[in-house]
Amino acid sequence: MSTALIIIDIQNDYFPNGRMELSNPLIAADNVGKILEWFRQNNQENIFHVQHIAADEGLGFFLPNTEGVEINEAVSPLENENIIIKHAPNSFFNTELESHLRENGVTKLVIVGMMTHMCVDATVRAAMELGFESTLIEDACTTTDLAYQGKVVPAEQVHYAFISALNGIYANVISTEDFLQQEVATN
């Protein structure tokens, strides 16, 4: 059974001075970097960077040909790593991600990225429906405050509500530290 790392939307617009700054993106990106480095050091070849490019400029961020759409330097892809372009929250929707995973015999996914309540959630749910076994690294994800009818839900509450909903049925949710300790113990 082969495992792939799926890195979702670690792009400049989500960082300080970006068009859609998230809550604590530097901490999440640092944890993504630790997971990415583990995959690289352990010769794990199935590394997929998912990059969202807005199909509609009305989105306001991830606009084509801007610095904000670029993958952040904290997780810059190497030449041999795959970049999957998407235009919707679900990383599998109208992309080559599933076919690349199937071609490489991948059955397990380690998922990290941004935003927890949107693209991470959509991708984790789709992965389960497609038959992949997923591990979601909860502190290698982040999101933003949400509001509805004047009621604001802080980013931390949004994050943990979605992580809690995904845990168990859709993914095994663990921390960066627990993932790395678990992998060291089994290798």
# chains A, B, ... in the order shown; residues from 1 in each chain; ligands from 1
call {"tool": "closest_atom_pairs", "arguments": {"of": "range 6-71 of chain A", "to": "range 80-100 of chain A", "cutoff": "12 Å", "atoms": "only C-alpha atoms", "output": "Markdown table"}}
result
| residue | atom | partner | partner_atom | distance |
| --- | --- | --- | --- | --- |
| A:Ile6 | CA | A:Ser91 | CA | 9.1 |
| A:Ile7 | CA | A:Ile83 | CA | 9.5 |
| A:Ile8 | CA | A:Ser91 | CA | 7.7 |
| A:Asp9 | CA | A:Lys86 | CA | 9.5 |
| A:Ile10 | CA | A:Ile83 | CA | 11.8 |
| A:Leu36 | CA | A:Glu81 | CA | 10.8 |
| A:Phe39 | CA | A:Glu81 | CA | 11.1 |
| A:Arg40 | CA | A:Glu81 | CA | 9.8 |
| A:Asn43 | CA | A:Asn80 | CA | 11.5 |
| A:Gln44 | CA | A:Glu81 | CA | 10.3 |
| A:Glu45 | CA | A:Glu81 | CA | 7.5 |
| A:Asn46 | CA | A:Glu81 | CA | 7.4 |
| A:Ile47 | CA | A:Glu81 | CA | 5.5 |
| A:Phe48 | CA | A:Asn82 | CA | 4.8 |
| A:His49 | CA | A:Ile83 | CA | 4.8 |
| A:Val50 | CA | A:Ile84 | CA | 4.7 |
| A:Gln51 | CA | A:Ile85 | CA | 5.0 |
| A:His52 | CA | A:Lys86 | CA | 4.9 |
| A:Ile53 | CA | A:His87 | CA | 5.5 |
| A:Ala54 | CA | A:His87 | CA | 5.7 |
| A:Ala55 | CA | A:His87 | CA | 5.7 |
| A:Asp56 | CA | A:His87 | CA | 8.8 |
| A:Glu57 | CA | A:His87 | CA | 11.4 |
| A:Leu59 | CA | A:His87 | CA | 10.8 |
| A:Phe61 | CA | A:His87 | CA | 11.9 |
| A:Phe62 | CA | A:His87 | CA | 9.7 |
| A:Leu63 | CA | A:His87 | CA | 10.7 |
| A:Pro64 | CA | A:His87 | CA | 10.9 |
| A:Val69 | CA | A:Ile85 | CA | 10.9 |
| A:Glu70 | CA | A:Ile85 | CA | 11.3 |
| A:Ile71 | CA | A:Ile83 | CA | 9.7 |
call {"tool": "closest_atom_pairs", "arguments": {"of": "range 20-120 of chain A", "to": "range 156-174 of chain A", "cutoff": "8 Å", "atoms": "only C-alpha atoms", "output": "tab-separated table"}}
result
residue	atom	partner	partner_atom	distance
A:Ser23	CA	A:Glu156	CA	8.0
A:Thr116	CA	A:His159	CA	5.9
A:His117	CA	A:Phe162	CA	6.0
call {"tool": "write_last_selection", "arguments": {"atoms": "all heavy atoms", "output": "short mmCIF file (atom, residue, chain, number, x, y, z; two decimals), in the first residue's frame"}}
result
data_model
loop_
_atom_site.label_atom_id
_atom_site.label_comp_id
_atom_site.auth_asym_id
_atom_site.auth_seq_id
_atom_site.Cartn_x
_atom_site.Cartn_y
_atom_site.Cartn_z
N SER A 23 -6.02 32.63 10.02
CA SER A 23 -5.59 32.63 11.41
C SER A 23 -4.35 31.74 11.56
O SER A 23 -4.40 30.55 11.25
CB SER A 23 -6.73 32.10 12.29
OG SER A 23 -6.30 31.96 13.62
N THR A 116 -9.35 24.87 6.52
CA THR A 116 -9.94 23.69 7.14
C THR A 116 -11.40 23.53 6.76
O THR A 116 -11.84 22.44 6.40
CB THR A 116 -9.83 23.78 8.68
OG1 THR A 116 -8.49 24.10 9.06
CG2 THR A 116 -10.26 22.49 9.33
N HIS A 117 -12.17 24.61 6.84
CA HIS A 117 -13.62 24.51 6.66
C HIS A 117 -14.06 24.43 5.19
O HIS A 117 -15.23 24.19 4.92
CB HIS A 117 -14.33 25.70 7.33
CG HIS A 117 -14.29 26.96 6.52
ND1 HIS A 117 -13.20 27.81 6.55
CD2 HIS A 117 -15.17 27.50 5.66
CE1 HIS A 117 -13.44 28.82 5.74
NE2 HIS A 117 -14.62 28.66 5.19
#
call {"tool": "select_by_dssp", "arguments": {"residues": "chain A", "states": "strand (DSSP E or B)", "output": "PyMOL selection string"}}
result
chain A and resi 2-8+11+47-52+71+82-86+106-114+133-142+146-148+151-153+167+171-174
call {"tool": "residues_around", "arguments": {"residues": "range 125-132 of chain A", "least_positions_apart": "3", "cutoff": "7 Å", "atoms": "only C-alpha atoms", "output": "list in words"}}
result
Thr107, Lys108, Leu109, Asp121, Ala122 and Tyr170 of chain A
call {"tool": "write_last_selection", "arguments": {"atoms": "C-alpha atoms", "output": "PDB file, in the first residue's frame"}}
result
ATOM      1  CA  THR A 107      -4.420   3.803  -1.149  1.00  0.00           C
ATOM      2  CA  LYS A 108      -3.572   6.038   1.820  1.00  0.00           C
ATOM      3  CA  LEU A 109      -3.423   9.825   2.028  1.00  0.00           C
ATOM      4  CA  ASP A 121     -13.023  19.516   4.367  1.00  0.00           C
ATOM      5  CA  ALA A 122     -14.183  19.017   0.762  1.00  0.00           C
ATOM      6  CA  TYR A 170     -13.698  10.550   7.111  1.00  0.00           C
TER       7      TYR A 170
END
call {"tool": "closest_residue", "arguments": {"among": "A:Ser2, A:Asn42, A:Thr66, A:Asn72", "to": "Gly113 in chain A", "atoms": "only C-alpha atoms"}}
result
A:Asn72
call {"tool": "closest_residue", "arguments": {"among": "A:Val75, A:Gly105, A:Val112, A:Gln11", "to": "Thr135 in chain A", "atoms": "only C-alpha atoms"}}
result
A:Val112
